[in-house]
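What's in protein-v5.tsv: TSV, C-alpha atoms
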chain	number	residue	atom	x	y	z
A	25	GLY	CA	-18.09	14.76	-3.67
A	26	GLU	CA	-15.66	12.49	-5.49
A	27	THR	CA	-13.69	9.65	-4.03
A	28	SER	CA	-9.96	9.58	-4.63
A	29	ILE	CA	-8.84	7.30	-7.46
A	30	ARG	CA	-5.69	5.25	-7.15
A	31	MET	CA	-4.19	5.18	-10.62
A	32	PRO	CA	-1.98	2.26	-11.69
A	33	ASP	CA	1.75	2.75	-12.16
A	34	ARG	CA	1.55	1.82	-15.83
A	35	GLY	CA	-0.78	2.66	-18.70
A	36	ALA	CA	-3.21	0.35	-20.43
A	37	GLY	CA	-1.71	-2.48	-22.39
A	38	THR	CA	-0.90	-6.17	-22.36
A	39	ALA	CA	0.66	-7.33	-19.14
A	40	MET	CA	3.27	-10.02	-18.67
A	41	LYS	CA	1.45	-13.33	-18.79
A	42	THR	CA	2.54	-14.65	-15.43
A	43	SER	CA	0.38	-17.25	-13.74
A	44	ARG	CA	-1.08	-16.12	-10.44
A	45	VAL	CA	-3.10	-19.26	-9.71
A	46	ARG	CA	-3.12	-20.77	-6.23
A	47	ASP	CA	-4.87	-24.10	-5.82
A	48	VAL	CA	-4.62	-24.07	-2.04
A	49	GLN	CA	-8.27	-24.66	-1.21
A	50	GLN	CA	-9.63	-28.11	-1.90
A	51	SER	CA	-13.25	-27.53	-0.92
A	52	ARG	CA	-15.83	-29.39	-2.95
A	53	GLY	CA	-16.15	-28.24	-6.53
A	54	HIS	CA	-13.10	-25.96	-6.32
A	55	LEU	CA	-11.44	-25.57	-9.71
A	56	LYS	CA	-9.08	-22.59	-9.48
A	57	THR	CA	-8.08	-19.70	-7.25
A	58	ILE	CA	-6.81	-16.67	-9.12
A	59	VAL	CA	-4.91	-14.05	-7.16
A	60	THR	CA	-5.88	-10.71	-8.64
A	61	GLU	CA	-3.24	-8.18	-9.64
A	62	ASP	CA	-4.78	-5.50	-7.44
A	63	SER	CA	-4.82	-7.18	-4.04
A	64	SER	CA	-5.51	-4.05	-2.01
A	65	GLU	CA	-9.13	-3.47	-3.04
A	66	VAL	CA	-12.16	-5.76	-2.99
A	67	VAL	CA	-13.68	-7.10	-6.21
A	68	CYS	CA	-16.71	-4.94	-6.99
A	69	GLY	CA	-17.36	-6.22	-10.52
A	70	LEU	CA	-16.93	-9.72	-11.95
A	71	THR	CA	-18.07	-11.40	-15.16
A	72	PHE	CA	-16.95	-13.92	-17.80
A	73	LEU	CA	-16.86	-13.62	-21.61
A	74	PRO	CA	-17.25	-17.11	-23.15
A	75	GLU	CA	-16.14	-16.17	-26.67
A	76	LEU	CA	-12.90	-14.60	-25.46
A	77	GLN	CA	-12.58	-17.10	-22.59
A	78	CYS	CA	-11.61	-14.31	-20.23
A	79	ILE	CA	-12.59	-13.29	-16.71
A	80	CYS	CA	-13.26	-9.56	-16.31
A	81	VAL	CA	-12.53	-7.95	-12.93
A	82	VAL	CA	-12.80	-4.42	-11.55
A	83	HIS	CA	-11.84	-3.33	-8.04
A	84	ALA	CA	-13.22	-0.67	-5.72
A	85	ASP	CA	-11.53	2.72	-6.03
A	86	SER	CA	-9.72	1.70	-9.21
A	87	ASN	CA	-10.42	2.61	-12.83
A	88	VAL	CA	-8.69	-0.42	-14.33
A	89	LEU	CA	-10.42	-3.36	-16.03
A	90	TRP	CA	-8.37	-6.55	-15.58
A	91	LEU	CA	-8.72	-9.57	-17.89
A	92	TYR	CA	-7.61	-13.05	-16.80
A	93	SER	CA	-7.60	-16.43	-18.51
A	94	LEU	CA	-9.26	-19.43	-16.89
A	95	THR	CA	-5.79	-20.65	-15.98
A	96	GLY	CA	-5.10	-17.45	-14.09
A	97	ASP	CA	-2.81	-15.64	-16.52
A	98	ILE	CA	-3.16	-11.89	-16.93
A	99	LEU	CA	-4.29	-11.36	-20.50
A	100	SER	CA	-4.45	-7.55	-20.46
A	101	PHE	CA	-5.56	-4.55	-18.46
A	102	HIS	CA	-7.22	-1.32	-19.51
A	103	VAL	CA	-7.66	2.06	-17.87
A	104	VAL	CA	-11.32	3.08	-18.16
A	105	HIS	CA	-11.07	6.83	-18.57
A	106	ASN	CA	-13.37	8.99	-16.43
A	107	MET	CA	-14.52	6.01	-14.36
A	108	LYS	CA	-14.55	7.26	-10.77
A	109	ARG	CA	-15.70	4.31	-8.67
A	110	PRO	CA	-16.90	1.02	-10.17
A	111	THR	CA	-19.69	-0.68	-8.24
A	112	GLY	CA	-20.83	-3.53	-10.51
A	113	MET	CA	-20.36	-5.19	-13.89
A	114	VAL	CA	-22.22	-7.49	-16.30
A	115	ALA	CA	-21.60	-8.83	-19.81
A	116	LEU	CA	-24.34	-7.81	-22.24
A	117	ARG	CA	-26.12	-10.59	-24.13
A	118	THR	CA	-27.20	-8.70	-27.24
A	119	LYS	CA	-23.75	-7.25	-27.91
A	120	THR	CA	-20.81	-9.58	-28.42
A	121	ASN	CA	-17.91	-9.29	-25.97
A	122	THR	CA	-19.29	-6.15	-24.35
A	123	VAL	CA	-19.23	-5.35	-20.63
A	124	LEU	CA	-21.28	-2.80	-18.74
A	125	ILE	CA	-19.64	-1.22	-15.65
A	126	ALA	CA	-21.59	0.85	-13.11
A	127	ASP	CA	-19.88	4.00	-11.85
A	128	GLY	CA	-21.33	4.73	-8.42
A	129	VAL	CA	-19.80	8.19	-8.16
A	130	GLY	CA	-19.83	9.25	-11.82
A	131	GLU	CA	-23.58	8.58	-12.17
A	132	CYS	CA	-23.13	6.64	-15.38
A	133	LEU	CA	-22.62	3.23	-16.99
A	134	HIS	CA	-19.46	2.55	-18.99
A	135	VAL	CA	-19.94	0.30	-22.03
A	136	LEU	CA	-16.75	-1.38	-23.26
A	137	ARG	CA	-16.59	-3.57	-26.34
A	138	LEU	CA	-13.60	-5.92	-26.34
A	139	ALA	CA	-11.89	-7.43	-29.38
A	140	THR	CA	-8.79	-9.43	-30.28
A	141	VAL	CA	-6.11	-7.80	-32.43
A	142	GLY	CA	-2.80	-8.82	-34.00
A	143	ASP	CA	-1.20	-12.17	-34.57
A	144	ASN	CA	-1.17	-12.88	-30.84
A	145	ASN	CA	-4.91	-12.21	-30.49
A	146	GLU	CA	-4.33	-9.66	-27.75
A	147	ILE	CA	-7.55	-8.39	-26.19
A	148	THR	CA	-8.13	-4.66	-26.39
A	149	VAL	CA	-10.99	-2.20	-25.89
A	150	SER	CA	-12.30	-1.40	-29.37
A	151	GLN	CA	-15.10	0.92	-28.26
A	152	HIS	CA	-15.94	2.86	-25.09
A	153	THR	CA	-19.23	4.71	-24.66
A	154	VAL	CA	-20.91	6.20	-21.60
A	155	TRP	CA	-24.58	6.09	-20.61
A	156	LYS	CA	-25.35	9.05	-18.37
A	157	LEU	CA	-27.79	8.53	-15.51
A	158	ARG	CA	-29.47	10.75	-12.96
A	159	PHE	CA	-28.72	8.54	-9.99
A	160	ASN	CA	-25.84	6.59	-8.44
A	161	PRO	CA	-25.83	3.01	-9.83
A	162	PHE	CA	-24.69	0.15	-7.64
A	163	GLY	CA	-25.46	-3.50	-8.38
A	164	LEU	CA	-26.07	-4.65	-11.97
A	165	ALA	CA	-27.82	-7.80	-13.20
A	166	LEU	CA	-29.13	-9.19	-16.47
A	167	PHE	CA	-32.91	-9.44	-16.79
A	168	LYS	CA	-34.96	-11.45	-19.28
A	169	THR	CA	-33.38	-11.59	-22.75
A	170	ASP	CA	-32.25	-8.03	-23.41
A	171	MET	CA	-32.56	-6.01	-20.22
A	172	VAL	CA	-30.33	-4.88	-17.38
A	173	LEU	CA	-31.27	-4.20	-13.75
A	174	VAL	CA	-29.53	-1.22	-12.14
A	175	VAL	CA	-29.81	-0.82	-8.36
A	176	ASN	CA	-30.37	2.71	-7.07
A	177	LEU	CA	-29.24	2.49	-3.44
A	178	VAL	CA	-29.99	6.06	-2.41
A	179	ASN	CA	-33.54	6.21	-3.82
A	180	LYS	CA	-34.30	2.56	-3.01
A	181	ALA	CA	-35.30	1.58	-6.51
A	182	VAL	CA	-34.30	-0.90	-9.21
A	183	HIS	CA	-34.21	0.61	-12.71
A	184	ILE	CA	-34.74	-1.49	-15.82
A	185	PHE	CA	-32.93	-0.67	-19.06
A	186	ARG	CA	-32.95	-2.36	-22.42
A	187	GLU	CA	-29.48	-3.08	-23.67
A	188	ASP	CA	-30.12	-0.53	-26.42
A	189	ARG	CA	-30.33	2.12	-23.65
A	190	HIS	CA	-34.11	2.38	-23.65
A	191	ASP	CA	-35.26	3.14	-20.11
A	192	MET	CA	-38.12	0.85	-19.06
A	193	GLY	CA	-38.71	2.74	-15.81
A	194	ALA	CA	-38.03	1.81	-12.20
A	195	ILE	CA	-39.48	-0.51	-9.60
A	196	ASN	CA	-39.56	1.54	-6.42
A	197	ILE	CA	-39.08	-0.71	-3.40
A	198	ALA	CA	-39.61	1.96	-0.75
A	199	HIS	CA	-43.40	1.71	-0.54
A	200	GLY	CA	-43.47	1.02	3.17
A	201	ASP	CA	-43.07	-2.75	2.75
A	202	ILE	CA	-39.36	-2.47	3.57
A	203	ASP	CA	-38.03	-1.30	6.89
A	204	PRO	CA	-36.61	2.19	6.24
A	205	ARG	CA	-33.30	1.08	7.72
A	206	TYR	CA	-32.63	-1.21	4.74
A	207	TYR	CA	-30.82	-0.15	1.58
A	208	PRO	CA	-30.72	-2.25	-1.62
A	209	TRP	CA	-27.27	-3.32	-2.80
A	210	CYS	CA	-27.91	-6.03	-5.41
A	211	ALA	CA	-30.74	-7.55	-7.45
A	212	ALA	CA	-31.59	-10.52	-9.66
A	213	GLY	CA	-34.58	-11.00	-11.92
A	214	THR	CA	-37.09	-13.80	-12.48
A	215	THR	CA	-40.15	-14.04	-14.72
A	216	LYS	CA	-42.37	-12.99	-11.80
A	217	GLY	CA	-40.36	-10.28	-10.10
A	218	LEU	CA	-37.02	-9.36	-8.55
A	219	TRP	CA	-34.91	-10.65	-5.71
A	220	VAL	CA	-33.28	-7.70	-3.94
A	221	GLY	CA	-30.49	-8.01	-1.37
A	222	CYS	CA	-30.40	-5.26	1.28
A	223	PHE	CA	-28.47	-4.26	4.40
A	224	THR	CA	-29.05	-1.69	7.16
A	225	ARG	CA	-27.36	1.69	7.32
A	226	ASP	CA	-26.11	1.34	10.90
A	227	ASN	CA	-25.06	-2.33	11.07
A	228	ASN	CA	-24.78	-5.47	8.99
A	229	ASP	CA	-28.22	-6.98	9.39
A	230	GLY	CA	-29.26	-8.13	5.95
A	231	ILE	CA	-32.46	-9.24	4.30
A	232	VAL	CA	-33.50	-10.57	0.90
A	233	HIS	CA	-36.81	-9.36	-0.53
A	234	PHE	CA	-38.83	-10.72	-3.43
A	235	VAL	CA	-40.34	-7.66	-5.07
A	236	LYS	CA	-43.26	-7.85	-7.49
A	237	PRO	CA	-43.38	-5.65	-10.62
A	238	SER	CA	-45.74	-3.32	-8.73
A	239	GLY	CA	-43.05	-2.71	-6.11
A	240	LYS	CA	-44.96	-4.72	-3.50
A	241	VAL	CA	-42.80	-7.03	-1.39
A	242	GLY	CA	-44.02	-10.59	-1.70
A	243	ARG	CA	-41.59	-12.58	0.46
A	244	ARG	CA	-38.79	-11.89	2.89
A	245	CYS	CA	-35.76	-14.01	3.67
A	246	THR	CA	-33.99	-13.14	6.92
A	247	GLY	CA	-31.74	-16.19	7.23
A	248	THR	CA	-33.34	-17.56	10.39
A	249	GLU	CA	-33.87	-20.89	8.60
A	250	GLN	CA	-30.13	-21.45	8.53
A	251	PRO	CA	-28.76	-24.07	10.95
A	252	SER	CA	-27.49	-21.17	13.07
A	253	GLY	CA	-30.81	-19.37	13.13
A	254	GLN	CA	-28.85	-16.15	12.74
A	255	PRO	CA	-30.13	-13.27	10.62
A	256	LEU	CA	-28.36	-12.63	7.36
A	257	GLY	CA	-25.46	-10.21	7.23
A	258	ALA	CA	-24.50	-7.79	4.45
A	259	ILE	CA	-25.82	-9.27	1.19
A	260	TYR	CA	-23.28	-8.21	-1.42
A	261	ASP	CA	-24.58	-10.14	-4.41
A	262	ILE	CA	-27.48	-12.31	-5.47
A	263	THR	CA	-28.19	-14.39	-8.57
A	264	VAL	CA	-30.87	-16.78	-9.81
A	265	VAL	CA	-29.73	-20.06	-11.39
A	266	PRO	CA	-31.62	-22.28	-13.87
A	267	GLY	CA	-34.45	-23.97	-12.03
A	268	GLY	CA	-35.19	-20.91	-9.90
A	269	ASP	CA	-32.85	-21.41	-6.94
A	270	VAL	CA	-31.18	-18.28	-5.56
A	271	ILE	CA	-27.52	-17.83	-4.56
A	272	ILE	CA	-26.56	-15.11	-2.10
A	273	CYS	CA	-23.15	-13.93	-0.84
A	274	ASP	CA	-23.24	-13.08	2.86
A	275	PHE	CA	-20.17	-10.87	3.19
A	276	TYR	CA	-20.54	-10.46	6.95
A	277	HIS	CA	-20.74	-14.16	7.86
A	278	ASP	CA	-18.24	-15.41	5.23
A	279	ASN	CA	-20.62	-17.76	3.46
A	280	VAL	CA	-22.39	-18.38	0.18
A	281	GLN	CA	-25.89	-19.80	0.52
A	282	LEU	CA	-28.33	-21.53	-1.79
A	283	LEU	CA	-32.02	-20.70	-1.32
A	284	ASN	CA	-34.96	-22.30	-3.07
A	285	ARG	CA	-37.30	-20.34	-5.34
A	286	ASN	CA	-39.36	-19.35	-2.29
A	287	GLY	CA	-36.35	-17.85	-0.52
A	288	GLU	CA	-36.04	-20.72	1.96
A	289	PHE	CA	-32.59	-21.89	3.02
A	290	LYS	CA	-31.37	-25.05	1.25
A	291	GLN	CA	-27.66	-25.34	1.99
A	292	TYR	CA	-24.34	-23.64	2.38
A	293	LEU	CA	-22.30	-23.71	-0.81
A	294	LEU	CA	-19.28	-22.18	0.93
A	295	GLN	CA	-18.37	-21.22	4.48
A	296	ALA	CA	-15.44	-19.89	6.45
A	297	THR	CA	-14.20	-23.48	6.82
A	298	ASP	CA	-13.59	-23.43	3.06
A	299	GLY	CA	-11.06	-20.65	3.55
A	300	ILE	CA	-13.29	-17.96	2.11
A	301	ARG	CA	-13.60	-14.49	3.62
A	302	GLY	CA	-15.85	-11.63	2.60
A	303	PRO	CA	-17.52	-13.12	-0.49
A	304	GLY	CA	-18.76	-10.23	-2.59
A	305	ARG	CA	-19.50	-10.03	-6.30
A	306	MET	CA	-20.09	-13.30	-8.15
A	307	HIS	CA	-20.89	-14.55	-11.63
A	308	PHE	CA	-22.79	-17.71	-12.61
A	309	ASP	CA	-21.61	-19.14	-15.93
A	310	SER	CA	-23.88	-21.57	-17.77
A	311	SER	CA	-22.14	-21.34	-21.15
A	312	THR	CA	-20.88	-24.95	-20.86
A	313	SER	CA	-22.30	-28.27	-19.70
A	314	GLN	CA	-20.37	-27.72	-16.48
A	315	PRO	CA	-21.93	-24.64	-14.80
A	316	ARG	CA	-19.36	-22.60	-12.92
A	317	LEU	CA	-19.59	-20.10	-10.11
A	318	PHE	CA	-17.01	-17.28	-9.98
A	319	ILE	CA	-16.68	-15.53	-6.61
A	320	GLY	CA	-14.63	-12.48	-5.63
A	321	CYS	CA	-13.35	-12.78	-2.06
A	322	THR	CA	-10.20	-12.71	0.10
A	323	ASN	CA	-8.09	-15.45	1.62
A	324	GLU	CA	-8.30	-16.51	5.27
A	325	ASP	CA	-6.08	-13.77	6.67
A	326	GLN	CA	-7.55	-11.19	4.28
A	327	THR	CA	-4.23	-10.21	2.75
A	328	ILE	CA	-4.96	-11.45	-0.78
A	329	VAL	CA	-7.89	-10.58	-3.04
A	330	GLN	CA	-8.96	-13.55	-5.13
A	331	VAL	CA	-11.39	-14.84	-7.72
A	332	ARG	CA	-12.35	-18.44	-7.00
A	333	ILE	CA	-13.91	-20.73	-9.59
A	334	TYR	CA	-16.17	-23.62	-8.61
A	335	ASP	CA	-18.00	-26.44	-10.35
A	336	PHE	CA	-21.54	-25.55	-9.34
A	337	ASN	CA	-22.93	-29.08	-9.70
A	338	VAL	CA	-20.26	-30.49	-7.40
A	339	MET	CA	-20.78	-27.70	-4.88
A	340	GLN	CA	-24.37	-28.86	-4.34
A	341	GLN	CA	-23.54	-32.52	-3.81
A	342	GLU	CA	-22.24	-32.33	-0.27
A	343	PRO	CA	-23.45	-29.43	1.88
A	344	SER	CA	-20.90	-27.94	4.26
A	345	LEU	CA	-21.28	-28.66	7.96
A	346	PHE	CA	-22.32	-25.60	9.89
A	347	GLU	CA	-19.47	-23.68	11.52
A	348	ASP	CA	-20.17	-21.40	14.49
A	349	ILE	CA	-19.31	-17.81	13.81
A	350	ASP	CA	-16.43	-16.54	15.93
A	351	VAL	CA	-17.77	-13.75	18.12
A	352	ASN	CA	-14.51	-11.84	17.56
A	353	GLN	CA	-15.11	-11.63	13.82
A	354	LYS	CA	-16.59	-8.43	12.53
A	355	GLY	CA	-17.21	-7.16	9.06
A	356	LYS	CA	-19.58	-4.36	8.46
A	357	ILE	CA	-20.91	-1.46	6.56
A	358	ASN	CA	-20.13	1.08	9.25
A	359	GLU	CA	-22.68	3.65	8.22
A	360	ILE	CA	-24.53	5.42	5.48
A	361	THR	CA	-24.88	9.06	6.35
A	362	GLU	CA	-25.96	12.24	4.65
A	363	ASP	CA	-24.24	15.56	5.20
A	364	GLY	CA	-25.59	19.06	4.91
A	365	ALA	CA	-24.42	19.36	1.32
A	366	GLY	CA	-26.74	16.57	0.20
A	367	ASN	CA	-23.94	13.98	-0.16
A	368	THR	CA	-24.34	10.35	0.81
A	369	ASN	CA	-21.31	8.80	2.50
A	370	ILE	CA	-20.75	5.05	2.69
A	371	SER	CA	-18.15	3.73	5.13
A	372	GLN	CA	-17.26	0.06	4.86
A	373	SER	CA	-14.77	-1.81	6.99
A	374	ILE	CA	-13.58	-5.33	7.62
A	375	GLU	CA	-12.15	-6.18	11.01
A	376	ARG	CA	-11.43	-9.69	12.21
A	377	SER	CA	-9.45	-10.88	15.18
A	378	PRO	CA	-10.17	-14.62	15.61
A	379	GLY	CA	-7.94	-16.39	18.12
A	380	GLY	CA	-5.86	-13.32	18.79
A	381	ALA	CA	-4.73	-13.06	15.19
A	382	THR	CA	-3.57	-9.71	13.88
A	383	SER	CA	-6.52	-7.53	12.96
A	384	ILE	CA	-6.69	-6.35	9.39
A	385	ILE	CA	-8.85	-3.35	8.69
A	386	GLN	CA	-9.75	-2.19	5.21
A	387	ASP	CA	-11.73	0.99	4.91
A	388	GLN	CA	-13.55	2.04	1.82
A	389	LYS	CA	-15.32	5.34	1.73
A	390	ALA	CA	-17.33	6.69	-1.16
A	391	GLN	CA	-18.88	10.10	-1.11
A	392	ILE	CA	-21.71	10.09	-3.59
A	393	ASN	CA	-23.55	13.12	-4.89
A	394	GLU	CA	-27.27	12.58	-4.63
Target encoding structure tokens, full file:
Amino acid sequence: GETSIRMPDRGAGTAMKTSRVRDVQQSRGHLKTIVTEDSSEVVCGLTFLPELQCICVVHADSNVLWLYSLTGDILSFHVVHNMKRPTGMVALRTKTNTVLIADGVGECLHVLRLATVGDNNEITVSQHTVWKLRFNPFGLALFKTDMVLVVNLVNKAVHIFREDRHDMGAINIAHGDIDPRYYPWCAAGTTKGLWVGCFTRDNNDGIVHFVKPSGKVGRRCTGTEQPSGQPLGAIYDITVVPGGDVIICDFYHDNVQLLNRNGEFKQYLLQATDGIRGPGRMHFDSSTSQPRLFIGCTNEDQTIVQVRIYDFNVMQQEPSLFEDIDVNQKGKINEITEDGAGNTNISQSIERSPGGATSIIQDQKAQINE
């Protein structure tokens, strides 16, 4: 039940520090566009370490952790041994320069402590430990001061762990309040409950639920309050910013939306007109007086995987005008199926053919042991 792993051509070490920055998009608040080294797989984990001033990136079907500077230089890369398929990543708050990577196939969390060594202050992995789980982890998010949310897609639950590995239990979100077609993919915590982004197993209809600590669904956001009135698509990531507003990445409709604390639509932060396609994992950085939003996505023709950096305050100043979605554009989670051996299979594809342009299809398949 394992997915194939595409190993890099070279071992872990410090890469040539060649700038891969492309400042081609001048949408509001845009600071940098970093072209990732692995441009064949989507970004499935993204975070930022303020002390080291480095952006951490992992890609689907790859066991390599890439580190970039804010200027776009490759600082180093590291093979994470025994990591089968990364599905999310966060930087821990109680442990300095430490990232937590979810392994959706390996049923575990990889904990990597980073440190600088030598006269050149090269960044290396100083410690690697593994937290074994009994489920397949997907999205990760920080919660309160010392906790981590781990999304359990198959069992429709969100588990809560202390950063010292103490299991606080799970909030089961399958109590009949959620349509059985929906599967959770990402989560974000507030003082009163959790925001959970879901999609359906047979198409890309998405929904955002506010789940109380009891597991009861309090509010639902379907996206019909957008200017288009369209339902949400595949919600790949969700985060709560200071003040309580919620940011969601709608992978299917190529946009990033800002909702208020009640889940009501406020504005588009990014749309297809900004040259963004398939926004997935994101990271909100409030370590400076200039909050920044990091977003993993692809370019307009979907040939280049990128990390884009935006000034969050500027992004909110001038909402994008609504752009009609091209009916020829498709991007979907094809299906989530279960076979007779008790394995869960996820098939994801991106297919777009606007204006007769060449279609580009990227298939990702993960077979996950339940």
Open item on the list: Report as a PyMOL selection string all protein, DNA and RNA residues lying within 8 Å of range 258-270 of chain A, evaluated on all atoms listed in the file, omitting residues in the same chain fewer than 2 positions from it.
Closed with: chain A and resi 163+209-214+219-223+228-232+256+272-276+282-285+287+303-308+356-357
Could the residues in this selection be saved with C-alpha atoms as a tab-separated table (two decimals), in the coordinates of the input?
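Saved result, result.tsv, follows:
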chain	number	residue	atom	x	y	z
A	163	GLY	CA	-25.46	-3.50	-8.38
A	209	TRP	CA	-27.27	-3.32	-2.80
A	210	CYS	CA	-27.91	-6.03	-5.41
A	211	ALA	CA	-30.74	-7.55	-7.45
A	212	ALA	CA	-31.59	-10.52	-9.66
A	213	GLY	CA	-34.58	-11.00	-11.92
A	214	THR	CA	-37.09	-13.80	-12.48
A	219	TRP	CA	-34.91	-10.65	-5.71
A	220	VAL	CA	-33.28	-7.70	-3.94
A	221	GLY	CA	-30.49	-8.01	-1.37
A	222	CYS	CA	-30.40	-5.26	1.28
A	223	PHE	CA	-28.47	-4.26	4.40
A	228	ASN	CA	-24.78	-5.47	8.99
A	229	ASP	CA	-28.22	-6.98	9.39
A	230	GLY	CA	-29.26	-8.13	5.95
A	231	ILE	CA	-32.46	-9.24	4.30
A	232	VAL	CA	-33.50	-10.57	0.90
A	256	LEU	CA	-28.36	-12.63	7.36
A	272	ILE	CA	-26.56	-15.11	-2.10
A	273	CYS	CA	-23.15	-13.93	-0.84
A	274	ASP	CA	-23.24	-13.08	2.86
A	275	PHE	CA	-20.17	-10.87	3.19
A	276	TYR	CA	-20.54	-10.46	6.95
A	282	LEU	CA	-28.33	-21.53	-1.79
A	283	LEU	CA	-32.02	-20.70	-1.32
A	284	ASN	CA	-34.96	-22.30	-3.07
A	285	ARG	CA	-37.30	-20.34	-5.34
A	287	GLY	CA	-36.35	-17.85	-0.52
A	303	PRO	CA	-17.52	-13.12	-0.49
A	304	GLY	CA	-18.76	-10.23	-2.59
A	305	ARG	CA	-19.50	-10.03	-6.30
A	306	MET	CA	-20.09	-13.30	-8.15
A	307	HIS	CA	-20.89	-14.55	-11.63
A	308	PHE	CA	-22.79	-17.71	-12.61
A	356	LYS	CA	-19.58	-4.36	8.46
A	357	ILE	CA	-20.91	-1.46	6.56
Task: Which residue of A:Gln151, A:Thr215, A:Gln77, A:Thr57 approaches His102 in chain A most closely, using only C-alpha atoms - done: A:Gln151
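Between CA of Gly302 in chain A and CA of Met113 in chain A the separation is 18.3 Å.
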- [ ] Kindly give the distance, in Å, that separates CA of Leu136 in chain A and CA of Val103 in chain A, rounded to a single decimal.
- [x] 11.1 Å
- [ ] Would you list the residues near (-25.2, 11.7, -16.7) (no more than 10 Å away, in the coordinates of the file, using all atoms listed in the file) as a ChimeraX atom specification?
- [x] /A:130-133,154-160
TODO: Grab the CA of Lys240 in chain A to CA of Lys180 in chain A distance for me, in Å with one decimal place.
DONE: 12.9 Å
Enclose all atoms of range 87-92 of chain A listed in the file in an axis-aligned box, grow every side by 5 Å, and hand back centre and edge lengths in Å to one decimal, as JSON.
{"center_x": -9.0, "center_y": -5.2, "center_z": -15.4, "size_x": 12.8, "size_y": 25.7, "size_z": 15.1}
Open item on the list: Report as a list in words all protein, DNA and RNA residues lying within 10 Å of Val135 in chain A, evaluated on all atoms listed in the file, omitting residues in the same chain fewer than 6 positions from it.
Closed with: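 So, after excluding close chain neighbours, the residues are Val104, Met113, Val114, Ala115, Leu116, Thr122, Val123, Leu124, Ile125, Ala126, Gln151, His152, Thr153, Val154 and Trp155 of chain A.
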Mind writing range 327-342 of chain A to a file for me, with N, CA and C atoms, as a CSV table (one decimal), in the first residue's frame?
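Resulting contents of out.csv:
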chain,number,residue,atom,x,y,z
A,327,THR,N,3.3,25.0,-15.4
A,327,THR,CA,4.5,24.3,-15.7
A,327,THR,C,5.6,24.5,-14.6
A,328,ILE,N,5.3,25.5,-13.7
A,328,ILE,CA,6.3,25.8,-12.7
A,328,ILE,C,5.7,25.8,-11.3
A,329,VAL,N,6.2,25.1,-10.4
A,329,VAL,CA,5.8,25.1,-9.0
A,329,VAL,C,6.5,26.3,-8.3
A,330,GLN,N,5.7,27.1,-7.6
A,330,GLN,CA,6.2,28.3,-7.0
A,330,GLN,C,5.8,28.4,-5.5
A,331,VAL,N,6.6,29.3,-4.8
A,331,VAL,CA,6.1,29.8,-3.5
A,331,VAL,C,6.1,31.3,-3.7
A,332,ARG,N,4.9,31.9,-3.5
A,332,ARG,CA,4.7,33.3,-3.6
A,332,ARG,C,4.6,34.0,-2.2
A,333,ILE,N,5.2,35.1,-2.1
A,333,ILE,CA,5.2,35.8,-0.8
A,333,ILE,C,4.5,37.2,-1.0
A,334,TYR,N,3.6,37.4,-0.1
A,334,TYR,CA,2.8,38.7,-0.2
A,334,TYR,C,2.8,39.4,1.1
A,335,ASP,N,2.7,40.7,1.0
A,335,ASP,CA,2.4,41.6,2.2
A,335,ASP,C,0.9,41.5,2.5
A,336,PHE,N,0.6,40.9,3.6
A,336,PHE,CA,-0.8,40.7,3.9
A,336,PHE,C,-1.6,41.9,4.1
A,337,ASN,N,-1.0,43.0,4.7
A,337,ASN,CA,-1.8,44.2,4.9
A,337,ASN,C,-2.1,44.9,3.5
A,338,VAL,N,-1.2,44.8,2.6
A,338,VAL,CA,-1.4,45.4,1.3
A,338,VAL,C,-2.4,44.6,0.5
A,339,MET,N,-2.4,43.3,0.7
A,339,MET,CA,-3.4,42.4,0.0
A,339,MET,C,-4.8,42.8,0.3
A,340,GLN,N,-5.1,43.3,1.5
A,340,GLN,CA,-6.4,43.6,1.9
A,340,GLN,C,-6.9,44.9,1.5
A,341,GLN,N,-6.0,45.8,1.0
A,341,GLN,CA,-6.4,47.2,0.7
A,341,GLN,C,-7.3,47.3,-0.5
A,342,GLU,N,-7.1,46.5,-1.5
A,342,GLU,CA,-7.8,46.7,-2.7
A,342,GLU,C,-8.3,45.3,-3.2
